[in-house]
Structures are given as structure tokens and as C-alpha cells.
$ cat upload21.txt   # compact mmCIF, N, CA and C atoms
# COMPACT_ATOMS: atom_id res chain seq x y z
N MET Q 140 147.29 -93.10 37.78
CA MET Q 140 146.30 -93.99 37.23
C MET Q 140 145.58 -94.66 38.39
N THR Q 141 144.29 -94.77 38.27
CA THR Q 141 143.47 -95.34 39.31
C THR Q 141 143.32 -96.84 39.11
N ARG Q 142 143.49 -97.58 40.15
CA ARG Q 142 143.26 -99.02 40.10
C ARG Q 142 141.78 -99.27 39.89
N PRO Q 143 141.41 -100.39 39.26
CA PRO Q 143 139.99 -100.63 38.98
C PRO Q 143 139.12 -100.80 40.22
N ARG Q 144 139.69 -101.31 41.30
CA ARG Q 144 138.90 -101.49 42.53
C ARG Q 144 139.80 -101.40 43.75
N VAL Q 145 139.17 -101.25 44.90
CA VAL Q 145 139.89 -101.15 46.17
C VAL Q 145 139.50 -102.37 47.01
N LYS Q 146 140.49 -103.00 47.63
CA LYS Q 146 140.18 -104.19 48.42
C LYS Q 146 139.29 -103.84 49.61
N GLU Q 147 138.48 -104.78 50.02
CA GLU Q 147 137.53 -104.55 51.11
C GLU Q 147 138.20 -104.48 52.47
N GLN Q 148 139.30 -105.18 52.67
CA GLN Q 148 139.97 -105.22 53.95
C GLN Q 148 140.48 -103.83 54.32
N PRO Q 149 140.46 -103.53 55.61
CA PRO Q 149 141.00 -102.23 56.04
C PRO Q 149 142.53 -102.20 55.88
N PHE Q 150 143.05 -101.03 55.57
CA PHE Q 150 144.49 -100.84 55.50
C PHE Q 150 144.80 -99.41 55.90
N LEU Q 151 146.02 -99.20 56.31
CA LEU Q 151 146.46 -97.88 56.75
C LEU Q 151 146.36 -96.88 55.60
N GLY Q 152 145.61 -95.79 55.80
CA GLY Q 152 145.46 -94.77 54.78
C GLY Q 152 144.30 -95.01 53.82
N LYS Q 153 143.45 -95.99 54.09
CA LYS Q 153 142.37 -96.31 53.16
C LYS Q 153 141.41 -95.14 52.98
N GLU Q 154 141.06 -94.46 54.07
CA GLU Q 154 140.12 -93.34 53.98
C GLU Q 154 140.69 -92.22 53.12
N ALA Q 155 141.96 -91.89 53.34
CA ALA Q 155 142.61 -90.84 52.56
C ALA Q 155 142.70 -91.25 51.09
N TYR Q 156 143.00 -92.52 50.85
CA TYR Q 156 143.09 -93.01 49.47
C TYR Q 156 141.74 -92.91 48.77
N LEU Q 157 140.67 -93.31 49.47
CA LEU Q 157 139.33 -93.24 48.87
C LEU Q 157 138.91 -91.80 48.59
N ALA Q 158 139.27 -90.87 49.48
CA ALA Q 158 138.95 -89.46 49.27
C ALA Q 158 139.71 -88.91 48.06
N GLN Q 159 140.99 -89.26 47.96
CA GLN Q 159 141.81 -88.80 46.83
C GLN Q 159 141.29 -89.40 45.53
N ARG Q 160 140.88 -90.64 45.58
CA ARG Q 160 140.37 -91.34 44.40
C ARG Q 160 139.07 -90.73 43.89
N ALA Q 161 138.23 -90.22 44.82
CA ALA Q 161 136.95 -89.63 44.45
C ALA Q 161 137.11 -88.22 43.86
N ALA Q 162 138.20 -87.56 44.18
CA ALA Q 162 138.43 -86.19 43.68
C ALA Q 162 138.85 -86.24 42.21
N PRO Q 163 138.54 -85.18 41.45
CA PRO Q 163 138.99 -85.15 40.06
C PRO Q 163 140.51 -85.05 40.01
N PRO Q 164 141.14 -85.60 38.96
CA PRO Q 164 142.60 -85.56 38.88
C PRO Q 164 143.12 -84.15 38.64
N ALA Q 165 144.28 -83.86 39.19
CA ALA Q 165 144.93 -82.58 38.94
C ALA Q 165 145.57 -82.57 37.56
N ALA Q 166 146.00 -83.73 37.08
CA ALA Q 166 146.63 -83.85 35.78
C ALA Q 166 146.37 -85.25 35.22
N VAL Q 167 146.42 -85.37 33.90
CA VAL Q 167 146.15 -86.63 33.22
C VAL Q 167 147.35 -86.95 32.32
N MET Q 168 147.82 -88.20 32.40
CA MET Q 168 148.92 -88.64 31.53
C MET Q 168 148.42 -88.70 30.09
N CYS Q 169 149.16 -88.10 29.18
CA CYS Q 169 148.76 -88.05 27.77
C CYS Q 169 149.93 -88.40 26.85
N THR Q 170 149.58 -88.93 25.70
CA THR Q 170 150.54 -89.15 24.63
C THR Q 170 150.30 -88.07 23.59
N LEU Q 171 151.37 -87.36 23.22
CA LEU Q 171 151.29 -86.29 22.24
C LEU Q 171 152.07 -86.68 21.00
N THR Q 172 151.60 -86.26 19.85
CA THR Q 172 152.37 -86.45 18.61
C THR Q 172 152.88 -85.09 18.16
N VAL Q 173 154.10 -85.06 17.68
CA VAL Q 173 154.69 -83.82 17.16
C VAL Q 173 154.22 -83.67 15.72
N ASP Q 174 153.51 -82.60 15.44
CA ASP Q 174 152.93 -82.39 14.11
C ASP Q 174 153.97 -81.89 13.11
N ASP Q 175 154.87 -81.04 13.55
CA ASP Q 175 155.90 -80.49 12.67
C ASP Q 175 157.13 -80.22 13.52
N ASN Q 176 158.20 -80.94 13.25
CA ASN Q 176 159.41 -80.78 14.06
C ASN Q 176 160.51 -80.02 13.33
N ALA Q 177 160.15 -79.27 12.30
CA ALA Q 177 161.14 -78.46 11.57
C ALA Q 177 161.26 -77.10 12.24
N SER Q 178 162.51 -76.71 12.51
CA SER Q 178 162.76 -75.41 13.14
C SER Q 178 162.61 -74.31 12.08
N ALA Q 179 162.75 -73.06 12.50
CA ALA Q 179 162.61 -71.92 11.59
C ALA Q 179 163.62 -71.98 10.45
N ASP Q 180 164.81 -72.53 10.74
CA ASP Q 180 165.83 -72.63 9.67
C ASP Q 180 165.78 -73.97 8.93
N GLY Q 181 164.73 -74.77 9.18
CA GLY Q 181 164.54 -76.02 8.45
C GLY Q 181 165.15 -77.26 9.05
N GLN Q 182 165.87 -77.13 10.18
CA GLN Q 182 166.46 -78.30 10.81
C GLN Q 182 165.39 -79.09 11.56
N LEU Q 183 165.46 -80.40 11.49
CA LEU Q 183 164.51 -81.23 12.23
C LEU Q 183 164.95 -81.33 13.69
N ARG Q 184 164.03 -81.08 14.59
CA ARG Q 184 164.31 -81.11 16.03
C ARG Q 184 163.50 -82.24 16.67
N TYR Q 185 164.13 -82.95 17.57
CA TYR Q 185 163.48 -84.06 18.27
C TYR Q 185 163.58 -83.83 19.77
N MET Q 186 162.44 -83.56 20.39
CA MET Q 186 162.41 -83.30 21.82
C MET Q 186 162.88 -84.54 22.58
N LEU Q 187 163.50 -84.32 23.74
CA LEU Q 187 164.06 -85.41 24.52
C LEU Q 187 163.42 -85.58 25.89
N GLY Q 188 162.74 -84.56 26.37
CA GLY Q 188 162.13 -84.59 27.69
C GLY Q 188 162.52 -83.35 28.47
N GLY Q 189 161.60 -82.85 29.28
CA GLY Q 189 161.84 -81.67 30.09
C GLY Q 189 161.35 -80.38 29.44
N GLU Q 190 160.87 -80.44 28.21
CA GLU Q 190 160.42 -79.24 27.51
C GLU Q 190 159.04 -78.81 28.02
N PRO Q 191 158.80 -77.50 28.15
CA PRO Q 191 157.50 -77.01 28.62
C PRO Q 191 156.39 -77.23 27.58
N ILE Q 192 155.20 -77.53 28.08
CA ILE Q 192 154.01 -77.67 27.24
C ILE Q 192 153.25 -76.35 27.32
N LEU Q 193 152.83 -75.85 26.17
CA LEU Q 193 152.13 -74.57 26.08
C LEU Q 193 150.76 -74.77 25.45
N SER Q 194 149.86 -73.84 25.73
CA SER Q 194 148.56 -73.84 25.06
C SER Q 194 148.78 -73.40 23.62
N ALA Q 195 147.73 -73.48 22.81
CA ALA Q 195 147.84 -73.03 21.42
C ALA Q 195 148.16 -71.54 21.35
N ASP Q 196 147.82 -70.79 22.42
CA ASP Q 196 148.11 -69.35 22.49
C ASP Q 196 149.51 -69.05 23.00
N GLY Q 197 150.25 -70.08 23.39
CA GLY Q 197 151.61 -69.89 23.88
C GLY Q 197 151.73 -69.72 25.39
N GLU Q 198 150.64 -69.94 26.14
CA GLU Q 198 150.67 -69.83 27.60
C GLU Q 198 151.10 -71.15 28.21
N ARG Q 199 151.92 -71.10 29.25
CA ARG Q 199 152.39 -72.30 29.95
C ARG Q 199 151.22 -72.97 30.65
N LEU Q 200 151.07 -74.29 30.49
CA LEU Q 200 149.98 -75.03 31.12
C LEU Q 200 150.34 -75.36 32.57
N MET Q 201 149.37 -75.16 33.46
CA MET Q 201 149.55 -75.47 34.89
C MET Q 201 148.37 -76.34 35.32
N ASP Q 202 148.65 -77.35 36.13
CA ASP Q 202 147.56 -78.20 36.61
C ASP Q 202 146.91 -77.58 37.85
N ALA Q 203 145.90 -78.27 38.39
CA ALA Q 203 145.14 -77.74 39.53
C ALA Q 203 146.00 -77.57 40.78
N ALA Q 204 147.11 -78.30 40.87
CA ALA Q 204 148.01 -78.20 42.01
C ALA Q 204 149.09 -77.13 41.79
N GLY Q 205 149.03 -76.41 40.67
CA GLY Q 205 150.00 -75.35 40.38
C GLY Q 205 151.30 -75.82 39.76
N ARG Q 206 151.35 -77.06 39.31
CA ARG Q 206 152.57 -77.60 38.70
C ARG Q 206 152.54 -77.37 37.19
N PRO Q 207 153.64 -76.91 36.61
CA PRO Q 207 153.67 -76.72 35.16
C PRO Q 207 153.77 -78.05 34.42
N SER Q 208 153.13 -78.12 33.25
CA SER Q 208 153.21 -79.32 32.41
C SER Q 208 154.50 -79.28 31.61
N TYR Q 209 155.12 -80.44 31.45
CA TYR Q 209 156.33 -80.56 30.65
C TYR Q 209 156.41 -81.97 30.09
N VAL Q 210 157.26 -82.16 29.11
CA VAL Q 210 157.45 -83.47 28.49
C VAL Q 210 158.19 -84.35 29.50
N THR Q 211 157.59 -85.49 29.86
CA THR Q 211 158.24 -86.39 30.80
C THR Q 211 159.16 -87.38 30.08
N SER Q 212 158.79 -87.76 28.86
CA SER Q 212 159.63 -88.64 28.07
C SER Q 212 159.27 -88.47 26.60
N ALA Q 213 160.19 -88.85 25.73
CA ALA Q 213 159.99 -88.66 24.30
C ALA Q 213 160.72 -89.75 23.55
N GLY Q 214 160.27 -89.99 22.33
CA GLY Q 214 160.95 -90.97 21.51
C GLY Q 214 160.25 -91.16 20.18
N ALA Q 215 160.93 -91.88 19.30
CA ALA Q 215 160.38 -92.17 17.98
C ALA Q 215 159.24 -93.17 18.11
N GLY Q 216 158.24 -93.00 17.28
CA GLY Q 216 157.13 -93.94 17.19
C GLY Q 216 157.08 -94.50 15.78
N PRO Q 217 157.98 -95.42 15.43
CA PRO Q 217 158.04 -95.90 14.05
C PRO Q 217 156.75 -96.59 13.58
N SER Q 218 156.01 -97.19 14.49
CA SER Q 218 154.77 -97.87 14.10
C SER Q 218 153.68 -96.89 13.72
N VAL Q 219 153.75 -95.67 14.22
CA VAL Q 219 152.76 -94.65 13.89
C VAL Q 219 153.35 -93.55 13.02
N GLY Q 220 154.66 -93.59 12.78
CA GLY Q 220 155.32 -92.64 11.91
C GLY Q 220 155.41 -91.23 12.47
N LYS Q 221 155.49 -91.10 13.78
CA LYS Q 221 155.57 -89.78 14.41
C LYS Q 221 156.56 -89.82 15.57
N HIS Q 222 157.01 -88.63 15.98
CA HIS Q 222 157.79 -88.49 17.21
C HIS Q 222 156.77 -88.34 18.33
N LEU Q 223 156.89 -89.13 19.39
CA LEU Q 223 155.90 -89.15 20.47
C LEU Q 223 156.45 -88.54 21.74
N LEU Q 224 155.57 -87.87 22.46
CA LEU Q 224 155.91 -87.26 23.75
C LEU Q 224 154.89 -87.71 24.79
N MET Q 225 155.33 -87.84 26.01
CA MET Q 225 154.45 -88.13 27.14
C MET Q 225 154.46 -86.92 28.06
N ALA Q 226 153.29 -86.58 28.60
CA ALA Q 226 153.20 -85.43 29.50
C ALA Q 226 151.95 -85.53 30.35
N TYR Q 227 152.01 -84.97 31.56
CA TYR Q 227 150.83 -84.83 32.40
C TYR Q 227 150.22 -83.48 32.09
N LEU Q 228 148.97 -83.48 31.65
CA LEU Q 228 148.29 -82.25 31.26
C LEU Q 228 147.10 -81.97 32.18
N PRO Q 229 146.74 -80.70 32.35
CA PRO Q 229 145.52 -80.37 33.08
C PRO Q 229 144.33 -81.02 32.37
N PRO Q 230 143.32 -81.49 33.13
CA PRO Q 230 142.19 -82.20 32.52
C PRO Q 230 141.50 -81.43 31.38
N GLU Q 231 141.44 -80.10 31.47
CA GLU Q 231 140.77 -79.34 30.42
C GLU Q 231 141.53 -79.37 29.09
N HIS Q 232 142.81 -79.73 29.11
CA HIS Q 232 143.61 -79.84 27.89
C HIS Q 232 143.84 -81.29 27.49
N ALA Q 233 143.48 -82.22 28.36
CA ALA Q 233 143.71 -83.65 28.11
C ALA Q 233 142.53 -84.23 27.32
N ARG Q 234 142.37 -83.75 26.10
CA ARG Q 234 141.33 -84.23 25.20
C ARG Q 234 141.98 -84.67 23.90
N GLU Q 235 141.61 -85.84 23.42
CA GLU Q 235 142.17 -86.31 22.16
C GLU Q 235 141.86 -85.31 21.06
N GLY Q 236 142.87 -84.95 20.30
CA GLY Q 236 142.72 -83.99 19.23
C GLY Q 236 143.04 -82.56 19.63
N ALA Q 237 143.26 -82.31 20.93
CA ALA Q 237 143.59 -80.95 21.38
C ALA Q 237 144.93 -80.52 20.80
N ARG Q 238 144.99 -79.31 20.31
CA ARG Q 238 146.21 -78.76 19.72
C ARG Q 238 146.95 -77.93 20.77
N LEU Q 239 148.22 -78.26 20.98
CA LEU Q 239 149.06 -77.57 21.95
C LEU Q 239 150.39 -77.25 21.28
N ALA Q 240 151.36 -76.83 22.07
CA ALA Q 240 152.70 -76.55 21.55
C ALA Q 240 153.74 -76.97 22.58
N VAL Q 241 154.93 -77.23 22.10
CA VAL Q 241 156.08 -77.55 22.95
C VAL Q 241 157.16 -76.54 22.63
N GLU Q 242 157.77 -75.98 23.68
CA GLU Q 242 158.87 -75.05 23.47
C GLU Q 242 160.19 -75.82 23.52
N TYR Q 243 160.99 -75.64 22.48
CA TYR Q 243 162.26 -76.35 22.38
C TYR Q 243 163.27 -75.44 21.70
N PHE Q 244 164.39 -75.17 22.35
CA PHE Q 244 165.42 -74.26 21.85
C PHE Q 244 164.84 -72.91 21.45
N GLY Q 245 163.92 -72.39 22.27
CA GLY Q 245 163.36 -71.06 22.04
C GLY Q 245 162.31 -70.97 20.94
N GLU Q 246 161.93 -72.09 20.36
CA GLU Q 246 160.91 -72.10 19.32
C GLU Q 246 159.73 -72.96 19.79
N GLN Q 247 158.57 -72.69 19.20
CA GLN Q 247 157.40 -73.48 19.53
C GLN Q 247 157.07 -74.44 18.39
N TYR Q 248 156.79 -75.69 18.78
CA TYR Q 248 156.48 -76.74 17.81
C TYR Q 248 155.07 -77.25 18.09
N PRO Q 249 154.23 -77.39 17.05
CA PRO Q 249 152.86 -77.83 17.27
C PRO Q 249 152.79 -79.32 17.61
N VAL Q 250 151.95 -79.64 18.59
CA VAL Q 250 151.71 -81.03 18.99
C VAL Q 250 150.20 -81.24 19.12
N THR Q 251 149.80 -82.50 19.05
CA THR Q 251 148.39 -82.87 19.20
C THR Q 251 148.29 -83.95 20.26
N VAL Q 252 147.27 -83.86 21.10
CA VAL Q 252 147.01 -84.92 22.09
C VAL Q 252 146.44 -86.10 21.33
N ALA Q 253 147.19 -87.20 21.27
CA ALA Q 253 146.75 -88.40 20.56
C ALA Q 253 145.94 -89.31 21.47
N VAL Q 254 146.38 -89.44 22.73
CA VAL Q 254 145.70 -90.29 23.70
C VAL Q 254 145.71 -89.59 25.05
N ALA Q 255 144.55 -89.54 25.69
CA ALA Q 255 144.45 -89.03 27.06
C ALA Q 255 144.18 -90.23 27.95
N GLY Q 256 145.14 -90.58 28.79
CA GLY Q 256 145.03 -91.76 29.64
C GLY Q 256 146.17 -92.71 29.37
N SER Q 257 146.04 -93.92 29.88
CA SER Q 257 147.15 -94.87 29.81
C SER Q 257 147.08 -95.83 28.63
N THR Q 258 146.12 -95.67 27.73
CA THR Q 258 146.01 -96.54 26.57
C THR Q 258 147.15 -96.26 25.61
N PRO Q 259 147.82 -97.29 25.11
CA PRO Q 259 148.92 -97.04 24.17
C PRO Q 259 148.38 -96.57 22.83
N LEU Q 260 149.18 -95.80 22.12
CA LEU Q 260 148.78 -95.28 20.81
C LEU Q 260 148.77 -96.39 19.77
N PHE Q 261 149.75 -97.27 19.83
CA PHE Q 261 149.83 -98.38 18.88
C PHE Q 261 149.29 -99.63 19.54
N ASP Q 262 148.39 -100.33 18.88
CA ASP Q 262 147.80 -101.58 19.35
C ASP Q 262 147.08 -101.40 20.70
N PRO Q 263 146.08 -100.51 20.76
CA PRO Q 263 145.40 -100.24 22.03
C PRO Q 263 144.64 -101.43 22.60
N GLU Q 264 144.23 -102.39 21.75
CA GLU Q 264 143.53 -103.58 22.27
C GLU Q 264 144.50 -104.70 22.67
N ASN Q 265 145.80 -104.47 22.48
CA ASN Q 265 146.84 -105.44 22.86
C ASN Q 265 146.69 -106.74 22.10
N THR Q 266 146.26 -106.67 20.84
CA THR Q 266 146.04 -107.87 20.04
C THR Q 266 147.34 -108.54 19.61
N ARG Q 267 148.43 -107.78 19.49
CA ARG Q 267 149.70 -108.38 19.08
C ARG Q 267 150.22 -109.34 20.14
N VAL Q 268 150.00 -109.04 21.41
CA VAL Q 268 150.50 -109.91 22.47
C VAL Q 268 149.63 -111.16 22.60
N ARG Q 269 148.33 -111.00 22.40
CA ARG Q 269 147.40 -112.13 22.58
C ARG Q 269 147.43 -113.11 21.43
N SER Q 270 147.93 -112.72 20.27
CA SER Q 270 147.90 -113.62 19.11
C SER Q 270 149.02 -114.62 19.12
$ encode --input "upload21.txt" --output "C-alpha cells"
Amino acid sequence: MTRPRVKEQPFLGKEAYLAQRAAPPAAVMCTLTVDDNASADGQLRYMLGGEPILSADGERLMDAAGRPSYVTSAGAGPSVGKHLLMAYLPPEHAREGARLAVEYFGEQYPVTVAVAGSTPLFDPENTRVRS
């Protein structure tokens, strides 16, 4: 995530930081929702983290640096009524509404990109904390 601004004072590595900041990101942090977590035999499966992220065609996603995308963390989202996953996705797949898949125990489960970036899925304006 990029900080909103860079301090004016010189610091060690400032030039490299500014160059990296100007370049497009290799991957974007995204929140994914699991659309259907029922396995082929009807058991409900809940991803835990480390599962590979696939395109809708079943191809493994790789970012610009050659790193494969995978679930970094997962958990229940009771406020939104879905199982949520976090993952770094290549920018071309980091679009809200993009349909992808997660491989878990040899099966593919459909997921949707709910949020691309660091905005939370529930209460994005942070109104619950301010009230």
C-alpha cells in the first residue's frame, strides 16, 4: 500500500522509493468472497490460507514479478454473510466483480473479487468507529 505522501526531507533510499512508487504495482491486495463452498459430495469447505488462486479458466495467477497468487488469510465474514479471503492478485485480475477460483483439496471453488485495495468490505467509510 502506498502512503499518501512522501516527506520532503532527504532520507536514505528516497530515490529508490520514489522510483518504486511511480512504477505500477506487481500485485494488489484484494478481498474475495467465496460464492459456493460446497464440495462435489456436498460438504461445506472453508479455506484457511495458502490455497492457490486460479483464473476462471483454471490457470494459476502469476504477478508481474513471477510470484503465484494464493490466499494469504481467510475467515468468516458474519456481517456480510460470506466466507472471506485475502490475496495479492495481478492488477489485471484485481477488479471488483472479477470471477476467479480457489483450489482446495483438489477441487475448484468459485470466488469473486469484492474489494481491490485496502478498503474494508464491511463499513468502508468507518462510520461505526466515528459514531
$ atom_distance --input "upload21.txt" --atom1 "atom C of Q:Thr251" --atom2 "atom N of Q:Tyr209"
13.6 Å
$ closest_residue --input "upload21.txt" --among "Q:Glu198, Q:Gln247, Q:Pro207, Q:Asp262" --to "Q:Ala177" --atoms "only N, CA and C atoms"
Q:Gln247
$ residues_around --input "upload21.txt" --residues "Q:Pro249" --least-positions-apart "6" --cutoff "7 Å" --atoms "only C-alpha atoms" --output "number ranges by chain"
Q: 173-175, 239-241
$ residues_around --input "upload21.txt" --residues "stretch 154-170 of chain Q" --least-positions-apart "2" --cutoff "6 Å" --atoms "all atoms listed in the file" --output "NGL selection string"
:Q and (152 or 172 or 202-204 or 224-230 or 251-257)
$ atom_distance --input "upload21.txt" --atom1 "atom CA of Q:Phe244" --atom2 "atom CA of Q:Glu231"
26.6 Å
$ atom_distance --input "upload21.txt" --atom1 "atom CA of Q:Leu260" --atom2 "atom CA of Q:Val219"
8.0 Å
$ closest_residue --input "upload21.txt" --among "Q:Arg199, Q:Arg206, Q:Arg238, Q:Lys146" --to "Q:Leu171" --atoms "only C-alpha atoms"
Q:Arg238
$ select_by_dssp --input "upload21.txt" --residues "stretch 140-265 of chain Q" --states "helix (DSSP H, G or I)" --output "JSON, numbers by chain"
{"Q": [153, 154, 155, 156, 157, 158, 159, 160, 161]}
$ axis_aligned_box --input "upload21.txt" --around "stretch 160-165 of chain Q" --padding-each-side "5 Å" --output "lines of an AutoDock Vina configuration file"
center_x = 141.3
center_y = -87.0
center_z = 41.6
size_x = 18.6
size_y = 18.8
size_z = 18.0
$ residues_around --input "upload21.txt" --residues "Q:Gly188" --least-positions-apart "5" --cutoff "5 Å" --atoms "all atoms listed in the file" --output "list in words"
Val210, Thr211 and Ser212 of chain Q
$ select_by_dssp --input "upload21.txt" --residues "chain Q" --states "strand (DSSP E or B)" --output "ChimeraX atom specification"
/Q:167-173,177,183,191-193,199,201,207,209-216,221-228,238-243,246-255
$ closest_residue --input "upload21.txt" --among "Q:Leu151, Q:Phe261, Q:Pro191, Q:Thr266" --to "Q:Ser218" --atoms "only N, CA and C atoms"
Q:Phe261
